[in-house]
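As provided, run-v1.pdb (PDB, C-alpha atoms) reads as follows.
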ATOM      1  CA  MET A   1       0.000   0.000   0.000  1.00  0.00           C
ATOM      2  CA  THR A   2       1.115   3.553  -0.684  1.00  0.00           C
ATOM      3  CA  ASP A   3       0.435   6.797   1.125  1.00  0.00           C
ATOM      4  CA  LYS A   4      -0.439   8.671  -2.079  1.00  0.00           C
ATOM      5  CA  LYS A   5      -3.738  10.515  -1.589  1.00  0.00           C
ATOM      6  CA  PHE A   6      -6.052  12.884  -3.433  1.00  0.00           C
ATOM      7  CA  TYR A   7      -7.746  16.014  -2.213  1.00  0.00           C
ATOM      8  CA  LEU A   8     -11.159  17.259  -3.308  1.00  0.00           C
ATOM      9  CA  LYS A   9     -11.862  20.949  -2.766  1.00  0.00           C
ATOM     10  CA  PHE A  10     -14.898  23.144  -3.297  1.00  0.00           C
ATOM     11  CA  VAL A  11     -13.082  26.119  -4.778  1.00  0.00           C
ATOM     12  CA  LYS A  12     -15.371  29.048  -3.881  1.00  0.00           C
ATOM     13  CA  ALA A  13     -16.110  27.813  -0.344  1.00  0.00           C
ATOM     14  CA  ASN A  14     -12.475  26.726   0.189  1.00  0.00           C
ATOM     15  CA  VAL A  15     -13.654  23.462   1.781  1.00  0.00           C
ATOM     16  CA  GLN A  16     -11.354  20.490   1.250  1.00  0.00           C
ATOM     17  CA  GLY A  17     -11.357  16.800   2.110  1.00  0.00           C
ATOM     18  CA  ILE A  18      -8.633  14.178   1.866  1.00  0.00           C
ATOM     19  CA  ILE A  19      -9.170  10.911  -0.015  1.00  0.00           C
ATOM     20  CA  THR A  20      -7.231   7.802   0.944  1.00  0.00           C
ATOM     21  CA  LEU A  21      -6.862   5.696  -2.185  1.00  0.00           C
ATOM     22  CA  TYR A  22      -7.613   1.975  -2.352  1.00  0.00           C
ATOM     23  CA  TRP A  23      -4.227   1.001  -3.784  1.00  0.00           C
ATOM     24  CA  ASP A  24      -4.567  -2.586  -2.541  1.00  0.00           C
ATOM     25  CA  ASN A  25      -8.026  -3.184  -4.020  1.00  0.00           C
ATOM     26  CA  ALA A  26      -8.003  -1.056  -7.177  1.00  0.00           C
ATOM     27  CA  PRO A  27      -4.321  -0.750  -8.122  1.00  0.00           C
ATOM     28  CA  LYS A  28      -4.652  -0.312 -11.892  1.00  0.00           C
ATOM     29  CA  THR A  29      -7.425   2.272 -11.666  1.00  0.00           C
ATOM     30  CA  CYS A  30      -5.657   4.167  -8.877  1.00  0.00           C
ATOM     31  CA  GLU A  31      -2.460   4.227 -10.936  1.00  0.00           C
ATOM     32  CA  ALA A  32      -4.273   5.421 -14.078  1.00  0.00           C
ATOM     33  CA  LEU A  33      -6.029   8.254 -12.245  1.00  0.00           C
ATOM     34  CA  TRP A  34      -2.939   9.148 -10.218  1.00  0.00           C
ATOM     35  CA  ASN A  35      -0.983   9.567 -13.457  1.00  0.00           C
ATOM     36  CA  ALA A  36      -3.859  11.471 -15.099  1.00  0.00           C
ATOM     37  CA  LEU A  37      -3.961  13.930 -12.197  1.00  0.00           C
ATOM     38  CA  GLU A  38      -0.328  14.986 -12.463  1.00  0.00           C
ATOM     39  CA  THR A  39      -1.855  18.456 -12.459  1.00  0.00           C
ATOM     40  CA  PRO A  40      -5.161  19.095 -10.644  1.00  0.00           C
ATOM     41  CA  ILE A  41      -8.457  19.367 -12.490  1.00  0.00           C
ATOM     42  CA  GLN A  42     -11.320  21.754 -11.935  1.00  0.00           C
ATOM     43  CA  TRP A  43     -14.812  20.771 -12.988  1.00  0.00           C
ATOM     44  CA  ASP A  44     -18.325  22.017 -12.328  1.00  0.00           C
ATOM     45  CA  ALA A  45     -19.630  19.163 -10.201  1.00  0.00           C
ATOM     46  CA  THR A  46     -23.311  18.323 -10.501  1.00  0.00           C
ATOM     47  CA  HIS A  47     -25.597  16.199  -8.397  1.00  0.00           C
ATOM     48  CA  ALA A  48     -26.520  12.688  -9.527  1.00  0.00           C
ATOM     49  CA  ILE A  49     -30.114  12.022 -10.542  1.00  0.00           C
ATOM     50  CA  PHE A  50     -30.496   8.287  -9.962  1.00  0.00           C
ATOM     51  CA  SER A  51     -27.758   7.472  -7.438  1.00  0.00           C
ATOM     52  CA  GLY A  52     -28.800   9.397  -4.348  1.00  0.00           C
ATOM     53  CA  PRO A  53     -26.194  11.383  -2.394  1.00  0.00           C
ATOM     54  CA  GLU A  54     -23.534  11.591  -5.111  1.00  0.00           C
ATOM     55  CA  ILE A  55     -21.745  14.424  -6.856  1.00  0.00           C
ATOM     56  CA  MET A  56     -20.327  13.811 -10.305  1.00  0.00           C
ATOM     57  CA  MET A  57     -17.486  15.353 -12.242  1.00  0.00           C
ATOM     58  CA  GLY A  58     -15.767  14.453 -15.462  1.00  0.00           C
ATOM     59  CA  LEU A  59     -12.158  13.958 -16.368  1.00  0.00           C
ATOM     60  CA  PRO A  60     -11.273  16.716 -18.856  1.00  0.00           C
ATOM     61  CA  GLU A  61      -9.862  15.694 -22.241  1.00  0.00           C
ATOM     62  CA  THR A  62      -6.518  17.249 -21.263  1.00  0.00           C
ATOM     63  CA  HIS A  63      -6.190  14.662 -18.480  1.00  0.00           C
ATOM     64  CA  ARG A  64      -7.335  11.575 -20.381  1.00  0.00           C
ATOM     65  CA  THR A  65      -3.916   9.952 -20.430  1.00  0.00           C
ATOM     66  CA  PHE A  66      -5.003   6.298 -20.438  1.00  0.00           C
ATOM     67  CA  ASP A  67      -7.255   3.904 -22.305  1.00  0.00           C
ATOM     68  CA  PRO A  68     -10.364   3.530 -20.087  1.00  0.00           C
ATOM     69  CA  THR A  69     -11.365   0.289 -21.822  1.00  0.00           C
ATOM     70  CA  ALA A  70      -8.076  -1.307 -20.725  1.00  0.00           C
ATOM     71  CA  LEU A  71      -8.863  -0.924 -17.022  1.00  0.00           C
ATOM     72  CA  PRO A  72     -10.139  -4.121 -15.405  1.00  0.00           C
ATOM     73  CA  PRO A  73     -13.132  -4.129 -13.070  1.00  0.00           C
ATOM     74  CA  GLU A  74     -11.676  -3.533  -9.595  1.00  0.00           C
ATOM     75  CA  ASN A  75     -13.223  -3.168  -6.154  1.00  0.00           C
ATOM     76  CA  GLN A  76     -16.718  -2.908  -7.612  1.00  0.00           C
ATOM     77  CA  THR A  77     -20.006  -2.504  -5.824  1.00  0.00           C
ATOM     78  CA  VAL A  78     -23.410  -0.928  -6.369  1.00  0.00           C
ATOM     79  CA  LEU A  79     -23.802   0.096  -2.706  1.00  0.00           C
ATOM     80  CA  PRO A  80     -21.023   2.549  -1.812  1.00  0.00           C
ATOM     81  CA  GLU A  81     -20.253   3.917   1.625  1.00  0.00           C
ATOM     82  CA  PRO A  82     -20.347   7.649   2.407  1.00  0.00           C
ATOM     83  CA  GLY A  83     -17.119   9.291   1.267  1.00  0.00           C
ATOM     84  CA  GLU A  84     -16.272   6.723  -1.407  1.00  0.00           C
ATOM     85  CA  LEU A  85     -14.889   7.899  -4.737  1.00  0.00           C
ATOM     86  CA  LEU A  86     -15.823   6.030  -7.903  1.00  0.00           C
ATOM     87  CA  TRP A  87     -14.550   5.746 -11.444  1.00  0.00           C
ATOM     88  CA  PHE A  88     -16.938   5.000 -14.297  1.00  0.00           C
ATOM     89  CA  TYR A  89     -16.374   5.127 -18.033  1.00  0.00           C
ATOM     90  CA  GLN A  90     -19.438   5.619 -20.219  1.00  0.00           C
ATOM     91  CA  PRO A  91     -18.550   4.888 -23.837  1.00  0.00           C
ATOM     92  CA  LYS A  92     -20.370   6.610 -26.663  1.00  0.00           C
ATOM     93  CA  ASN A  93     -23.937   5.278 -27.063  1.00  0.00           C
ATOM     94  CA  PHE A  94     -23.835   3.370 -23.739  1.00  0.00           C
ATOM     95  CA  PHE A  95     -27.147   4.887 -22.620  1.00  0.00           C
ATOM     96  CA  LYS A  96     -30.058   5.296 -24.996  1.00  0.00           C
ATOM     97  CA  ILE A  97     -31.019   8.588 -23.344  1.00  0.00           C
ATOM     98  CA  ASP A  98     -27.453   9.977 -23.339  1.00  0.00           C
ATOM     99  CA  PRO A  99     -25.291   8.889 -26.283  1.00  0.00           C
ATOM    100  CA  SER A 100     -22.248  10.959 -25.229  1.00  0.00           C
ATOM    101  CA  GLU A 101     -18.969   9.585 -23.916  1.00  0.00           C
ATOM    102  CA  PHE A 102     -18.277  10.435 -20.270  1.00  0.00           C
ATOM    103  CA  TRP A 103     -15.266   9.818 -18.048  1.00  0.00           C
ATOM    104  CA  GLU A 104     -16.830  10.050 -14.590  1.00  0.00           C
ATOM    105  CA  ILE A 105     -15.382  10.537 -11.160  1.00  0.00           C
ATOM    106  CA  GLY A 106     -18.082  10.567  -8.519  1.00  0.00           C
ATOM    107  CA  MET A 107     -18.180  10.878  -4.763  1.00  0.00           C
ATOM    108  CA  PHE A 108     -20.879   9.644  -2.419  1.00  0.00           C
ATOM    109  CA  TYR A 109     -21.333  11.948   0.544  1.00  0.00           C
ATOM    110  CA  GLY A 110     -24.121  10.273   2.504  1.00  0.00           C
ATOM    111  CA  VAL A 111     -25.888   7.020   3.320  1.00  0.00           C
ATOM    112  CA  GLY A 112     -28.325   5.445   0.886  1.00  0.00           C
ATOM    113  CA  GLY A 113     -26.166   5.833  -2.202  1.00  0.00           C
ATOM    114  CA  ARG A 114     -26.326   3.342  -5.023  1.00  0.00           C
ATOM    115  CA  THR A 115     -24.958   3.150  -8.530  1.00  0.00           C
ATOM    116  CA  PHE A 116     -28.247   2.944 -10.315  1.00  0.00           C
ATOM    117  CA  GLY A 117     -28.853   4.584 -13.673  1.00  0.00           C
ATOM    118  CA  PRO A 118     -31.328   4.666 -16.518  1.00  0.00           C
ATOM    119  CA  THR A 119     -30.447   1.069 -17.430  1.00  0.00           C
ATOM    120  CA  GLY A 120     -30.571  -0.273 -13.863  1.00  0.00           C
ATOM    121  CA  TRP A 121     -27.767  -1.302 -11.513  1.00  0.00           C
ATOM    122  CA  ILE A 122     -24.271  -0.336 -12.705  1.00  0.00           C
ATOM    123  CA  PRO A 123     -21.267  -1.727 -10.803  1.00  0.00           C
ATOM    124  CA  CYS A 124     -18.497   0.867 -10.571  1.00  0.00           C
ATOM    125  CA  THR A 125     -14.874   0.750  -9.494  1.00  0.00           C
ATOM    126  CA  TYR A 126     -14.271   2.395  -6.131  1.00  0.00           C
ATOM    127  CA  ILE A 127     -10.824   3.938  -5.860  1.00  0.00           C
ATOM    128  CA  GLY A 128     -10.797   5.582  -2.452  1.00  0.00           C
ATOM    129  CA  LYS A 129     -12.637   7.090   0.470  1.00  0.00           C
ATOM    130  CA  MET A 130     -12.661  10.576   1.971  1.00  0.00           C
ATOM    131  CA  THR A 131     -11.048  10.068   5.359  1.00  0.00           C
ATOM    132  CA  GLU A 132     -10.687  13.702   6.427  1.00  0.00           C
ATOM    133  CA  ASN A 133     -13.316  16.473   6.558  1.00  0.00           C
ATOM    134  CA  LEU A 134     -16.202  14.518   4.997  1.00  0.00           C
ATOM    135  CA  ASP A 135     -18.848  16.361   7.044  1.00  0.00           C
ATOM    136  CA  ALA A 136     -17.857  19.800   5.719  1.00  0.00           C
ATOM    137  CA  VAL A 137     -17.507  18.487   2.160  1.00  0.00           C
ATOM    138  CA  ALA A 138     -20.898  16.750   2.420  1.00  0.00           C
ATOM    139  CA  GLU A 139     -22.494  20.056   3.382  1.00  0.00           C
ATOM    140  CA  GLN A 140     -21.163  21.586   0.146  1.00  0.00           C
ATOM    141  CA  CYS A 141     -22.354  18.543  -1.830  1.00  0.00           C
ATOM    142  CA  ARG A 142     -25.893  18.960  -0.478  1.00  0.00           C
ATOM    143  CA  LEU A 143     -25.888  22.609  -1.571  1.00  0.00           C
ATOM    144  CA  ILE A 144     -25.451  21.527  -5.202  1.00  0.00           C
ATOM    145  CA  ARG A 145     -29.005  20.162  -5.101  1.00  0.00           C
ATOM    146  CA  ILE A 146     -30.315  23.619  -4.129  1.00  0.00           C
ATOM    147  CA  GLU A 147     -27.878  26.066  -5.721  1.00  0.00           C
ATOM    148  CA  GLY A 148     -26.689  24.113  -8.771  1.00  0.00           C
ATOM    149  CA  ALA A 149     -23.237  23.077  -9.993  1.00  0.00           C
ATOM    150  CA  LYS A 150     -20.166  24.088  -7.979  1.00  0.00           C
ATOM    151  CA  THR A 151     -16.551  24.144  -9.108  1.00  0.00           C
ATOM    152  CA  VAL A 152     -14.566  21.346  -7.508  1.00  0.00           C
ATOM    153  CA  GLU A 153     -10.822  20.781  -7.713  1.00  0.00           C
ATOM    154  CA  LEU A 154      -9.404  17.278  -7.573  1.00  0.00           C
ATOM    155  CA  GLY A 155      -5.689  16.611  -7.370  1.00  0.00           C
ATOM    156  CA  ARG A 156      -2.792  14.856  -5.726  1.00  0.00           C
ATOM    157  CA  LEU A 157      -2.061  15.695  -2.120  1.00  0.00           C
TER     158      LEU A 157
END
If you convert what's in this file into structure tokens, what do you get?
Amino acid sequence: MTDKKFYLKFVKANVQGIITLYWDNAPKTCEALWNALETPIQWDATHAIFSGPEIMMGLPETHRTFDPTALPPENQTVLPEPGELLWFYQPKNFFKIDPSEFWEIGMFYGVGGRTFGPTGWIPCTYIGKMTENLDAVAEQCRLIRIEGAKTVELGRL
């Protein structure tokens, strides 16, 4: 196991949490995202529709440094714990209602989360868990439902 971690920060509110990565259980996905985040990303995070207490952000094209189809399923579940960070690749035409490609990083901030979408249950790879400051980050996540998208920064600690 390694001590490499990510941080997730709500930029305007200056609220940050620390994510301990699941290097033992999702080594290939952790490595791919670690390398992709050589420089931090900023993205307007939105709230999930089907999954419950989850915020979603994409991986910008500038940071797509790996082949997402080459990653094996690792550490997958459909019932995440609060604070868990997921990786999900949606290839073009995966969903009938949304034919676009999407490289998703999502974070569950409360109980009752599930990876359920328009096609039903979708197992996702879980790459880490917020182990510091989840309560303050969760408060910002909840505000997205009321106030709309918020800029989030994700990077190496």
Stretch 7-36 of chain A residues near stretch 131-139 of chain A within 6 Å, closest pair each, using only C-alpha atoms, as JSON lines:
{"residue": "A:Gly17", "atom": "CA", "partner": "A:Asn133", "partner_atom": "CA", "distance": 4.9}
{"residue": "A:Ile18", "atom": "CA", "partner": "A:Glu132", "partner_atom": "CA", "distance": 5.0}
{"residue": "A:Ile19", "atom": "CA", "partner": "A:Thr131", "partner_atom": "CA", "distance": 5.8}
Would you tabulate, counting only C-alpha atoms, all residues of stretch 5-49 of chain A that have an atom at most 10 Å from an atom of stretch 98-114 of chain A, showing the closest pair of atoms and their distance in Å to one decimal, sorted by chain then ascending number, as CSV?
residue,atom,partner,partner_atom,distance
A:Leu8,CA,A:Met107,CA,9.6
A:Leu33,CA,A:Ile105,CA,9.7
A:Ala45,CA,A:Gly106,CA,8.9
A:Thr46,CA,A:Gly106,CA,9.6
A:His47,CA,A:Gly106,CA,9.4
A:Ala48,CA,A:Gly106,CA,8.8
What does the file look like for those residues with C-alpha atoms, as a CSV table (one decimal), in the coordinates of the input?
chain,number,residue,atom,x,y,z
A,8,LEU,CA,-11.2,17.3,-3.3
A,33,LEU,CA,-6.0,8.3,-12.2
A,45,ALA,CA,-19.6,19.2,-10.2
A,46,THR,CA,-23.3,18.3,-10.5
A,47,HIS,CA,-25.6,16.2,-8.4
A,48,ALA,CA,-26.5,12.7,-9.5
Restrict the calculation to only C-alpha atoms, then for each residue of stretch 25-57 of chain A with any atom at most 12 Å from an atom of stretch 76-79 of chain A give the closest atom pair and their distance in Å to one decimal, rows by chain and rising residue number, as a tab-separated table.
residue	atom	partner	partner_atom	distance
A:Asn25	CA	A:Gln76	CA	9.4
A:Ala26	CA	A:Gln76	CA	8.9
A:Thr29	CA	A:Gln76	CA	11.4
A:Ser51	CA	A:Val78	CA	9.5
A:Gly52	CA	A:Leu79	CA	10.7
A:Pro53	CA	A:Leu79	CA	11.5
A:Glu54	CA	A:Leu79	CA	11.7
Write a file of the selected residues as a short mmCIF file (atom, residue, chain, number, x, y, z; two decimals), in the coordinates of the input, keeping C-alpha atoms.
data_model
loop_
_atom_site.label_atom_id
_atom_site.label_comp_id
_atom_site.auth_asym_id
_atom_site.auth_seq_id
_atom_site.Cartn_x
_atom_site.Cartn_y
_atom_site.Cartn_z
CA ASN A 25 -8.03 -3.18 -4.02
CA ALA A 26 -8.00 -1.06 -7.18
CA THR A 29 -7.42 2.27 -11.67
CA SER A 51 -27.76 7.47 -7.44
CA GLY A 52 -28.80 9.40 -4.35
CA PRO A 53 -26.19 11.38 -2.39
CA GLU A 54 -23.53 11.59 -5.11
#
Taking all listed atoms of stretch 27-30 of chain A, build the axis-aligned box, pad each of the six sides by 6 Å, then write its centre and edge lengths in Å to one decimal as AutoDock Vina command-line options.
--center_x -5.9 --center_y 1.7 --center_z -10.0 --size_x 15.1 --size_y 16.9 --size_z 15.8
**Message:** Please compute the atom CA of A:Leu21-atom CA of A:Gln140 distance, one decimal, in Å.
**Reply:**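 Result for atom CA of A:Leu21 versus atom CA of A:Gln140: 21.5 Å, one decimal.
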**Request:** Please return, as a PyMOL selection string, all polymer residues that have at least one atom within 10 Å of the point (-17.8, 6.8, -9.9); use all atoms listed in the file and the file's own coordinate frame.
**Result:** chain A and resi 54-58+80+84-89+103-108+115+123-127
**Message:** So, with only C-alpha atoms as the atoms that count, which of A:Trp43, A:Phe50, A:Trp23, A:Trp34 lies closest to A:Trp121?
**Reply:**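 Comparing A:Trp43, A:Phe50, A:Trp23, A:Trp34 against A:Trp121, the winner is A:Phe50.
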